[in-house]
$ cat target_13.csv   # CSV, N, CA, C and O atoms
chain,number,residue,atom,x,y,z
A,1041,MET,N,-92.9,155.6,-110.8
A,1041,MET,CA,-94.0,155.4,-110.0
A,1041,MET,C,-93.6,155.6,-108.5
A,1041,MET,O,-92.6,155.1,-108.0
A,1042,ARG,N,-94.4,156.4,-107.8
A,1042,ARG,CA,-94.1,156.8,-106.4
A,1042,ARG,C,-94.9,155.9,-105.5
A,1042,ARG,O,-96.1,155.5,-105.8
A,1043,VAL,N,-94.3,155.5,-104.4
A,1043,VAL,CA,-95.0,154.7,-103.3
A,1043,VAL,C,-95.2,155.6,-102.1
A,1043,VAL,O,-94.3,156.2,-101.6
A,1044,PHE,N,-96.5,155.8,-101.8
A,1044,PHE,CA,-96.9,156.6,-100.6
A,1044,PHE,C,-97.1,155.6,-99.4
A,1044,PHE,O,-97.8,154.6,-99.6
A,1045,LYS,N,-96.4,155.8,-98.3
A,1045,LYS,CA,-96.6,154.9,-97.2
A,1045,LYS,C,-97.9,155.0,-96.5
A,1045,LYS,O,-98.3,154.1,-95.8
A,1046,LYS,N,-98.5,156.2,-96.5
A,1046,LYS,CA,-99.8,156.4,-95.9
A,1046,LYS,C,-100.7,157.3,-96.9
A,1046,LYS,O,-100.2,157.9,-97.8
A,1047,TYR,N,-102.0,157.2,-96.6
A,1047,TYR,CA,-102.9,158.0,-97.5
A,1047,TYR,C,-102.9,159.5,-97.0
A,1047,TYR,O,-103.3,159.8,-95.9
A,1048,ALA,N,-102.3,160.3,-97.9
A,1048,ALA,CA,-102.2,161.8,-97.6
A,1048,ALA,C,-102.7,162.5,-98.9
A,1048,ALA,O,-101.9,162.7,-99.8
A,1049,PRO,N,-104.0,162.8,-98.9
A,1049,PRO,CA,-104.6,163.3,-100.2
A,1049,PRO,C,-104.0,164.5,-100.8
A,1049,PRO,O,-103.8,164.7,-102.0
A,1050,ARG,N,-103.5,165.5,-99.9
A,1050,ARG,CA,-102.9,166.7,-100.5
A,1050,ARG,C,-101.6,166.4,-101.1
A,1050,ARG,O,-101.2,166.9,-102.2
A,1051,GLN,N,-100.8,165.6,-100.4
A,1051,GLN,CA,-99.5,165.2,-101.0
A,1051,GLN,C,-99.6,164.4,-102.3
A,1051,GLN,O,-98.9,164.7,-103.2
A,1052,ILE,N,-100.6,163.5,-102.3
A,1052,ILE,CA,-100.8,162.7,-103.5
A,1052,ILE,C,-101.3,163.6,-104.7
A,1052,ILE,O,-100.9,163.5,-105.8
A,1053,ALA,N,-102.2,164.6,-104.3
A,1053,ALA,CA,-102.7,165.5,-105.3
A,1053,ALA,C,-101.6,166.4,-105.9
A,1053,ALA,O,-101.6,166.6,-107.1
A,1054,ASN,N,-100.7,166.8,-105.1
A,1054,ASN,CA,-99.5,167.6,-105.5
A,1054,ASN,C,-98.7,166.7,-106.5
A,1054,ASN,O,-98.2,167.3,-107.6
A,1055,TYR,N,-98.5,165.5,-106.2
A,1055,TYR,CA,-97.8,164.6,-107.1
A,1055,TYR,C,-98.5,164.4,-108.5
A,1055,TYR,O,-97.9,164.5,-109.5
A,1056,VAL,N,-99.9,164.2,-108.4
A,1056,VAL,CA,-100.7,164.1,-109.6
A,1056,VAL,C,-100.6,165.3,-110.5
A,1056,VAL,O,-100.5,165.2,-111.7
A,1057,VAL,N,-100.7,166.5,-109.9
A,1057,VAL,CA,-100.7,167.7,-110.6
A,1057,VAL,C,-99.3,167.9,-111.3
A,1057,VAL,O,-99.2,168.4,-112.4
A,1058,SER,N,-98.2,167.5,-110.6
A,1058,SER,CA,-96.9,167.7,-111.0
A,1058,SER,C,-96.5,166.9,-112.2
A,1058,SER,O,-95.9,167.3,-113.2
A,1059,PHE,N,-97.0,165.6,-112.2
A,1059,PHE,CA,-96.6,164.7,-113.3
A,1059,PHE,C,-97.7,164.5,-114.4
A,1059,PHE,O,-97.4,163.9,-115.4
A,1060,PHE,N,-98.9,164.8,-114.1
A,1060,PHE,CA,-100.0,164.9,-115.1
A,1060,PHE,C,-100.4,163.5,-115.6
A,1060,PHE,O,-101.6,163.3,-115.8
A,1061,LYS,N,-99.5,162.5,-115.7
A,1061,LYS,CA,-99.9,161.2,-116.2
A,1061,LYS,C,-99.0,160.2,-115.6
A,1061,LYS,O,-97.7,160.4,-115.6
A,1062,GLY,N,-99.5,159.1,-115.1
A,1062,GLY,CA,-98.6,158.0,-114.6
A,1062,GLY,C,-99.4,157.2,-113.6
A,1062,GLY,O,-100.6,157.0,-113.6
A,1063,GLN,N,-98.6,156.6,-112.6
A,1063,GLN,CA,-99.1,155.7,-111.6
A,1063,GLN,C,-98.5,156.1,-110.2
A,1063,GLN,O,-97.4,156.6,-110.2
A,1064,PHE,N,-99.3,155.7,-109.2
A,1064,PHE,CA,-98.7,155.8,-107.8
A,1064,PHE,C,-99.3,154.7,-107.0
A,1064,PHE,O,-100.3,154.1,-107.4
A,1065,THR,N,-98.7,154.3,-105.9
A,1065,THR,CA,-99.1,153.2,-105.0
A,1065,THR,C,-99.3,153.8,-103.6
A,1065,THR,O,-98.4,154.6,-103.2
A,1066,ILE,N,-100.3,153.4,-103.0
A,1066,ILE,CA,-100.5,153.6,-101.6
A,1066,ILE,C,-100.4,152.3,-100.9
A,1066,ILE,O,-101.1,151.3,-101.2
A,1067,GLU,N,-99.5,152.1,-99.9
A,1067,GLU,CA,-99.2,150.9,-99.3
A,1067,GLU,C,-100.5,150.4,-98.6
A,1067,GLU,O,-101.2,151.1,-97.9
A,1068,GLY,N,-100.9,149.1,-98.9
A,1068,GLY,CA,-102.1,148.5,-98.3
A,1068,GLY,C,-103.3,148.8,-99.1
A,1068,GLY,O,-104.4,148.3,-98.8
A,1069,LYS,N,-103.3,149.8,-100.1
A,1069,LYS,CA,-104.5,150.1,-100.8
A,1069,LYS,C,-104.4,149.7,-102.3
A,1069,LYS,O,-105.4,149.4,-102.9
A,1070,GLY,N,-103.2,149.7,-102.9
A,1070,GLY,CA,-103.0,149.3,-104.2
A,1070,GLY,C,-102.4,150.3,-105.1
A,1070,GLY,O,-101.9,151.3,-104.7
A,1071,VAL,N,-102.5,150.0,-106.4
A,1071,VAL,CA,-101.9,150.9,-107.5
A,1071,VAL,C,-103.0,151.7,-108.1
A,1071,VAL,O,-104.1,151.2,-108.4
A,1072,PHE,N,-102.7,153.0,-108.3
A,1072,PHE,CA,-103.7,153.9,-108.9
A,1072,PHE,C,-103.1,154.5,-110.1
A,1072,PHE,O,-101.9,154.8,-110.1
A,1073,GLU,N,-103.9,154.8,-111.1
A,1073,GLU,CA,-103.4,155.5,-112.3
A,1073,GLU,C,-104.0,156.9,-112.4
A,1073,GLU,O,-105.1,157.1,-111.9
A,1074,PHE,N,-103.3,157.8,-113.0
A,1074,PHE,CA,-103.8,159.2,-113.2
A,1074,PHE,C,-103.5,159.6,-114.6
A,1074,PHE,O,-102.5,159.2,-115.2
A,1075,ASP,N,-104.4,160.4,-115.2
A,1075,ASP,CA,-104.3,160.9,-116.5
A,1075,ASP,C,-104.9,162.2,-116.6
A,1075,ASP,O,-106.0,162.5,-116.0
A,1076,CYS,N,-104.3,163.1,-117.3
A,1076,CYS,CA,-104.8,164.5,-117.5
A,1076,CYS,C,-104.9,165.2,-116.1
A,1076,CYS,O,-105.8,166.0,-115.9
A,1077,GLY,N,-104.1,164.9,-115.2
A,1077,GLY,CA,-104.1,165.5,-113.9
A,1077,GLY,C,-105.1,165.1,-113.0
A,1077,GLY,O,-105.4,165.7,-111.9
A,1078,LYS,N,-105.8,164.0,-113.2
A,1078,LYS,CA,-106.9,163.4,-112.4
A,1078,LYS,C,-106.7,161.9,-112.2
A,1078,LYS,O,-106.2,161.2,-113.1
A,1079,VAL,N,-107.0,161.5,-111.0
A,1079,VAL,CA,-107.0,160.0,-110.7
A,1079,VAL,C,-108.1,159.3,-111.4
A,1079,VAL,O,-109.3,159.8,-111.4
A,1080,VAL,N,-107.8,158.3,-112.1
A,1080,VAL,CA,-108.8,157.5,-112.9
A,1080,VAL,C,-109.6,156.6,-112.0
A,1080,VAL,O,-109.0,155.8,-111.3
A,1081,ILE,N,-110.9,156.7,-112.1
A,1081,ILE,CA,-111.8,155.9,-111.3
A,1081,ILE,C,-112.3,154.8,-112.2
A,1081,ILE,O,-112.9,155.1,-113.3
A,1082,THR,N,-112.1,153.5,-111.9
A,1082,THR,CA,-112.6,152.4,-112.7
A,1082,THR,C,-113.8,151.7,-112.0
A,1082,THR,O,-114.1,151.9,-110.8
A,1083,VAL,N,-114.5,150.9,-112.8
A,1083,VAL,CA,-115.7,150.2,-112.3
A,1083,VAL,C,-115.3,149.2,-111.3
A,1083,VAL,O,-116.1,148.9,-110.4
A,1084,GLN,N,-114.1,148.6,-111.4
A,1084,GLN,CA,-113.7,147.5,-110.5
A,1084,GLN,C,-113.4,148.0,-109.0
A,1084,GLN,O,-113.2,147.2,-108.2
A,1085,MET,N,-113.3,149.3,-108.8
A,1085,MET,CA,-112.9,149.8,-107.5
A,1085,MET,C,-114.1,149.6,-106.5
A,1085,MET,O,-115.2,149.7,-106.9
A,1086,ASP,N,-113.7,149.3,-105.3
A,1086,ASP,CA,-114.7,149.3,-104.2
A,1086,ASP,C,-115.1,150.7,-103.8
A,1086,ASP,O,-114.4,151.7,-104.2
A,1087,GLU,N,-116.1,150.8,-103.0
A,1087,GLU,CA,-116.7,152.1,-102.6
A,1087,GLU,C,-115.6,153.0,-101.8
A,1087,GLU,O,-115.5,154.2,-102.1
A,1088,ASN,N,-114.9,152.3,-100.9
A,1088,ASN,CA,-113.9,153.1,-100.1
A,1088,ASN,C,-112.8,153.6,-101.0
A,1088,ASN,O,-112.4,154.8,-100.9
A,1089,THR,N,-112.3,152.8,-102.0
A,1089,THR,CA,-111.3,153.3,-102.9
A,1089,THR,C,-111.8,154.4,-103.8
A,1089,THR,O,-111.1,155.4,-104.1
A,1090,MET,N,-113.0,154.3,-104.2
A,1090,MET,CA,-113.6,155.4,-105.0
A,1090,MET,C,-113.7,156.7,-104.3
A,1090,MET,O,-113.4,157.8,-104.8
A,1091,LYS,N,-114.0,156.6,-103.0
A,1091,LYS,CA,-114.1,157.8,-102.1
A,1091,LYS,C,-112.7,158.5,-102.0
A,1091,LYS,O,-112.5,159.7,-102.0
A,1092,MET,N,-111.7,157.6,-101.9
A,1092,MET,CA,-110.3,158.1,-101.8
A,1092,MET,C,-109.9,158.8,-103.1
A,1092,MET,O,-109.3,159.9,-103.1
A,1093,CYS,N,-110.2,158.2,-104.2
A,1093,CYS,CA,-109.9,158.9,-105.5
A,1093,CYS,C,-110.7,160.2,-105.7
A,1093,CYS,O,-110.1,161.2,-106.2
A,1094,LYS,N,-111.9,160.2,-105.3
A,1094,LYS,CA,-112.7,161.5,-105.4
A,1094,LYS,C,-112.1,162.6,-104.5
A,1094,LYS,O,-112.1,163.7,-104.9
A,1095,GLU,N,-111.7,162.2,-103.3
A,1095,GLU,CA,-111.1,163.2,-102.4
A,1095,GLU,C,-109.8,163.7,-103.0
A,1095,GLU,O,-109.5,164.9,-102.9
A,1096,ILE,N,-108.9,162.8,-103.6
A,1096,ILE,CA,-107.7,163.3,-104.2
A,1096,ILE,C,-108.0,164.2,-105.4
A,1096,ILE,O,-107.4,165.3,-105.5
A,1097,ASN,N,-109.0,163.9,-106.2
A,1097,ASN,CA,-109.4,164.7,-107.3
A,1097,ASN,C,-110.0,166.1,-106.9
A,1097,ASN,O,-109.8,167.1,-107.5
A,1098,ASP,N,-110.7,166.1,-105.7
A,1098,ASP,CA,-111.1,167.4,-105.2
A,1098,ASP,C,-109.9,168.3,-104.8
A,1098,ASP,O,-110.0,169.5,-105.1
A,1099,HIS,N,-108.9,167.7,-104.2
A,1099,HIS,CA,-107.7,168.5,-103.9
A,1099,HIS,C,-107.0,168.9,-105.1
A,1099,HIS,O,-106.5,170.1,-105.2
A,1100,VAL,N,-107.0,168.1,-106.2
A,1100,VAL,CA,-106.4,168.5,-107.4
A,1100,VAL,C,-107.1,169.7,-108.0
A,1100,VAL,O,-106.5,170.7,-108.5
A,1101,SER,N,-108.4,169.7,-108.0
A,1101,SER,CA,-109.2,170.8,-108.6
A,1101,SER,C,-109.0,172.0,-107.8
A,1101,SER,O,-109.0,173.1,-108.3
A,1102,LEU,N,-108.8,171.9,-106.5
A,1102,LEU,CA,-108.6,173.1,-105.6
A,1102,LEU,C,-107.2,173.7,-106.0
A,1102,LEU,O,-107.1,174.9,-106.0
A,1103,MET,N,-106.2,172.9,-106.2
A,1103,MET,CA,-104.9,173.3,-106.6
A,1103,MET,C,-104.9,174.0,-108.0
A,1103,MET,O,-104.2,175.0,-108.2
A,1104,ALA,N,-105.7,173.5,-108.9
A,1104,ALA,CA,-105.8,174.0,-110.2
A,1104,ALA,C,-106.5,175.4,-110.3
A,1104,ALA,O,-106.1,176.2,-111.1
A,1105,HIS,N,-107.4,175.6,-109.4
A,1105,HIS,CA,-108.1,176.9,-109.4
A,1105,HIS,C,-107.6,178.0,-108.5
A,1105,HIS,O,-108.1,179.0,-108.4
A,1106,ARG,N,-106.5,177.6,-107.8
A,1106,ARG,CA,-105.9,178.6,-106.9
A,1106,ARG,C,-105.1,179.6,-107.7
A,1106,ARG,O,-104.2,179.3,-108.4
A,1107,VAL,N,-105.5,180.9,-107.5
A,1107,VAL,CA,-104.9,182.0,-108.3
A,1107,VAL,C,-104.2,182.9,-107.3
A,1107,VAL,O,-104.9,183.4,-106.4
A,1108,PRO,N,-102.9,183.1,-107.4
A,1108,PRO,CA,-102.2,184.0,-106.5
A,1108,PRO,C,-102.7,185.5,-106.8
A,1108,PRO,O,-102.7,185.9,-107.9
A,1109,VAL,N,-103.1,186.2,-105.7
A,1109,VAL,CA,-103.6,187.5,-105.8
A,1109,VAL,C,-102.7,188.4,-105.0
A,1109,VAL,O,-102.4,188.2,-103.9
A,1110,GLU,N,-102.2,189.5,-105.7
A,1110,GLU,CA,-101.4,190.5,-105.0
A,1110,GLU,C,-102.3,191.6,-104.6
A,1110,GLU,O,-103.1,192.1,-105.4
A,1111,GLN,N,-102.1,192.2,-103.5
A,1111,GLN,CA,-102.9,193.3,-103.0
A,1111,GLN,C,-102.2,194.6,-103.4
A,1111,GLN,O,-101.0,194.7,-103.2
A,1112,TYR,N,-102.9,195.5,-104.0
A,1112,TYR,CA,-102.4,196.7,-104.4
A,1112,TYR,C,-102.8,197.8,-103.4
A,1112,TYR,O,-103.9,197.8,-102.9
A,1113,VAL,N,-101.8,198.7,-103.0
A,1113,VAL,CA,-102.1,199.7,-102.0
A,1113,VAL,C,-102.3,201.0,-102.7
A,1113,VAL,O,-101.8,201.4,-103.7

$ encode --input "target_13.csv" --output "structure tokens"
Amino acid sequence: MRVFKKYAPRQIANYVVSFFKGQFTIEGKGVFEFDCGKVVITVQMDENTMKMCKEINDHVSLMAHRVPVEQYV
């Protein structure tokens, strides 16, 4: 389980994509779980925490759909 000292959505998304299933902690925010490469959103989360999870999941989906393209001359 990784501890992030501050909320950095891209860095957290990279961690989530790399490990696919597990947990991480953001200092001052709490413990979060992720499964199948996405942060799990639960009913008990407050609105601010849900927005954080959605933002991280948006970054995860951007990373998953990024396709390297080589230009041919």

$ closest_residue --input "target_13.csv" --among "A:Ile1096, A:Val1080, A:Met1085, A:Val1071" --to "Ala1048 of chain A" --atoms "all atoms listed in the file"
A:Ile1096

$ select_by_dssp --input "target_13.csv" --residues "chain A" --states "alpha helix (DSSP H)" --output "ChimeraX atom specification"
/A:1049-1059,1087-1105

$ closest_residue --input "target_13.csv" --among "A:Arg1042, A:Glu1110, A:Met1090, A:Asp1075" --to "Tyr1055 of chain A" --atoms "only C-alpha atoms"
A:Arg1042

$ closest_residue --input "target_13.csv" --among "A:Gly1070, A:Lys1078, A:Val1043, A:Gln1051" --to "Asn1097 of chain A" --atoms "only C-alpha atoms"
A:Lys1078

$ residues_around --input "target_13.csv" --residues "Gly1077 of chain A" --least-positions-apart "6" --cutoff "10 Å" --atoms "only C-alpha atoms" --output "number ranges by chain"
A: 1053-1062, 1097, 1100-1101, 1104

$ atom_distance --input "target_13.csv" --atom1 "atom CA of Leu1102 of chain A" --atom2 "atom CA of Arg1050 of chain A"
10.0 Å

$ decode --input "target_13.csv" --residues "segment 1069-1092 of chain A" --atoms "N, CA and C atoms" --output "PDB file, in the first residue's frame"
ATOM      1  N   LYS A1069      -6.765  12.465   3.855  1.00  0.00           N
ATOM      2  CA  LYS A1069      -7.999  12.129   3.127  1.00  0.00           C
ATOM      3  C   LYS A1069      -8.501  10.729   3.445  1.00  0.00           C
ATOM      4  N   GLY A1070      -7.595   9.792   3.697  1.00  0.00           N
ATOM      5  CA  GLY A1070      -8.011   8.442   4.063  1.00  0.00           C
ATOM      6  C   GLY A1070      -7.466   7.370   3.142  1.00  0.00           C
ATOM      7  N   VAL A1071      -8.003   6.172   3.315  1.00  0.00           N
ATOM      8  CA  VAL A1071      -7.586   4.993   2.559  1.00  0.00           C
ATOM      9  C   VAL A1071      -8.581   4.757   1.426  1.00  0.00           C
ATOM     10  N   PHE A1072      -8.047   4.464   0.244  1.00  0.00           N
ATOM     11  CA  PHE A1072      -8.866   4.215  -0.937  1.00  0.00           C
ATOM     12  C   PHE A1072      -8.507   2.856  -1.503  1.00  0.00           C
ATOM     13  N   GLU A1073      -9.493   2.189  -2.074  1.00  0.00           N
ATOM     14  CA  GLU A1073      -9.273   0.890  -2.707  1.00  0.00           C
ATOM     15  C   GLU A1073      -9.471   1.032  -4.205  1.00  0.00           C
ATOM     16  N   PHE A1074      -8.727   0.210  -4.953  1.00  0.00           N
ATOM     17  CA  PHE A1074      -8.934   0.164  -6.394  1.00  0.00           C
ATOM     18  C   PHE A1074      -8.952  -1.280  -6.845  1.00  0.00           C
ATOM     19  N   ASP A1075      -9.777  -1.514  -7.868  1.00  0.00           N
ATOM     20  CA  ASP A1075      -9.951  -2.864  -8.399  1.00  0.00           C
ATOM     21  C   ASP A1075     -10.198  -2.741  -9.897  1.00  0.00           C
ATOM     22  N   CYS A1076      -9.642  -3.650 -10.671  1.00  0.00           N
ATOM     23  CA  CYS A1076      -9.774  -3.635 -12.131  1.00  0.00           C
ATOM     24  C   CYS A1076      -9.266  -2.323 -12.727  1.00  0.00           C
ATOM     25  N   GLY A1077      -8.267  -1.731 -12.112  1.00  0.00           N
ATOM     26  CA  GLY A1077      -7.666  -0.514 -12.645  1.00  0.00           C
ATOM     27  C   GLY A1077      -8.469   0.751 -12.418  1.00  0.00           C
ATOM     28  N   LYS A1078      -9.471   0.725 -11.540  1.00  0.00           N
ATOM     29  CA  LYS A1078     -10.292   1.907 -11.232  1.00  0.00           C
ATOM     30  C   LYS A1078     -10.443   2.044  -9.723  1.00  0.00           C
ATOM     31  N   VAL A1079     -10.524   3.294  -9.251  1.00  0.00           N
ATOM     32  CA  VAL A1079     -10.756   3.547  -7.833  1.00  0.00           C
ATOM     33  C   VAL A1079     -12.221   3.225  -7.530  1.00  0.00           C
ATOM     34  N   VAL A1080     -12.446   2.473  -6.471  1.00  0.00           N
ATOM     35  CA  VAL A1080     -13.792   2.051  -6.095  1.00  0.00           C
ATOM     36  C   VAL A1080     -14.471   3.182  -5.327  1.00  0.00           C
ATOM     37  N   ILE A1081     -15.664   3.573  -5.796  1.00  0.00           N
ATOM     38  CA  ILE A1081     -16.442   4.612  -5.137  1.00  0.00           C
ATOM     39  C   ILE A1081     -17.536   3.918  -4.318  1.00  0.00           C
ATOM     40  N   THR A1082     -17.579   4.226  -3.014  1.00  0.00           N
ATOM     41  CA  THR A1082     -18.568   3.611  -2.140  1.00  0.00           C
ATOM     42  C   THR A1082     -19.629   4.631  -1.724  1.00  0.00           C
ATOM     43  N   VAL A1083     -20.709   4.137  -1.167  1.00  0.00           N
ATOM     44  CA  VAL A1083     -21.824   4.984  -0.757  1.00  0.00           C
ATOM     45  C   VAL A1083     -21.435   5.862   0.439  1.00  0.00           C
ATOM     46  N   GLN A1084     -20.546   5.396   1.280  1.00  0.00           N
ATOM     47  CA  GLN A1084     -20.193   6.112   2.499  1.00  0.00           C
ATOM     48  C   GLN A1084     -19.309   7.341   2.250  1.00  0.00           C
ATOM     49  N   MET A1085     -18.781   7.512   1.057  1.00  0.00           N
ATOM     50  CA  MET A1085     -17.887   8.632   0.759  1.00  0.00           C
ATOM     51  C   MET A1085     -18.655   9.945   0.707  1.00  0.00           C
ATOM     52  N   ASP A1086     -18.002  11.009   1.174  1.00  0.00           N
ATOM     53  CA  ASP A1086     -18.633  12.320   1.048  1.00  0.00           C
ATOM     54  C   ASP A1086     -18.431  12.844  -0.376  1.00  0.00           C
ATOM     55  N   GLU A1087     -19.076  13.945  -0.682  1.00  0.00           N
ATOM     56  CA  GLU A1087     -19.092  14.462  -2.054  1.00  0.00           C
ATOM     57  C   GLU A1087     -17.694  14.846  -2.546  1.00  0.00           C
ATOM     58  N   ASN A1088     -16.883  15.450  -1.681  1.00  0.00           N
ATOM     59  CA  ASN A1088     -15.535  15.868  -2.064  1.00  0.00           C
ATOM     60  C   ASN A1088     -14.663  14.658  -2.400  1.00  0.00           C
ATOM     61  N   THR A1089     -14.768  13.616  -1.605  1.00  0.00           N
ATOM     62  CA  THR A1089     -13.988  12.393  -1.838  1.00  0.00           C
ATOM     63  C   THR A1089     -14.429  11.704  -3.124  1.00  0.00           C
ATOM     64  N   MET A1090     -15.729  11.713  -3.382  1.00  0.00           N
ATOM     65  CA  MET A1090     -16.232  11.117  -4.626  1.00  0.00           C
ATOM     66  C   MET A1090     -15.698  11.864  -5.848  1.00  0.00           C
ATOM     67  N   LYS A1091     -15.606  13.185  -5.770  1.00  0.00           N
ATOM     68  CA  LYS A1091     -15.057  13.975  -6.870  1.00  0.00           C
ATOM     69  C   LYS A1091     -13.596  13.632  -7.101  1.00  0.00           C
ATOM     70  N   MET A1092     -12.851  13.424  -6.007  1.00  0.00           N
ATOM     71  CA  MET A1092     -11.440  13.039  -6.137  1.00  0.00           C
ATOM     72  C   MET A1092     -11.329  11.698  -6.848  1.00  0.00           C
TER      73      MET A1092
END
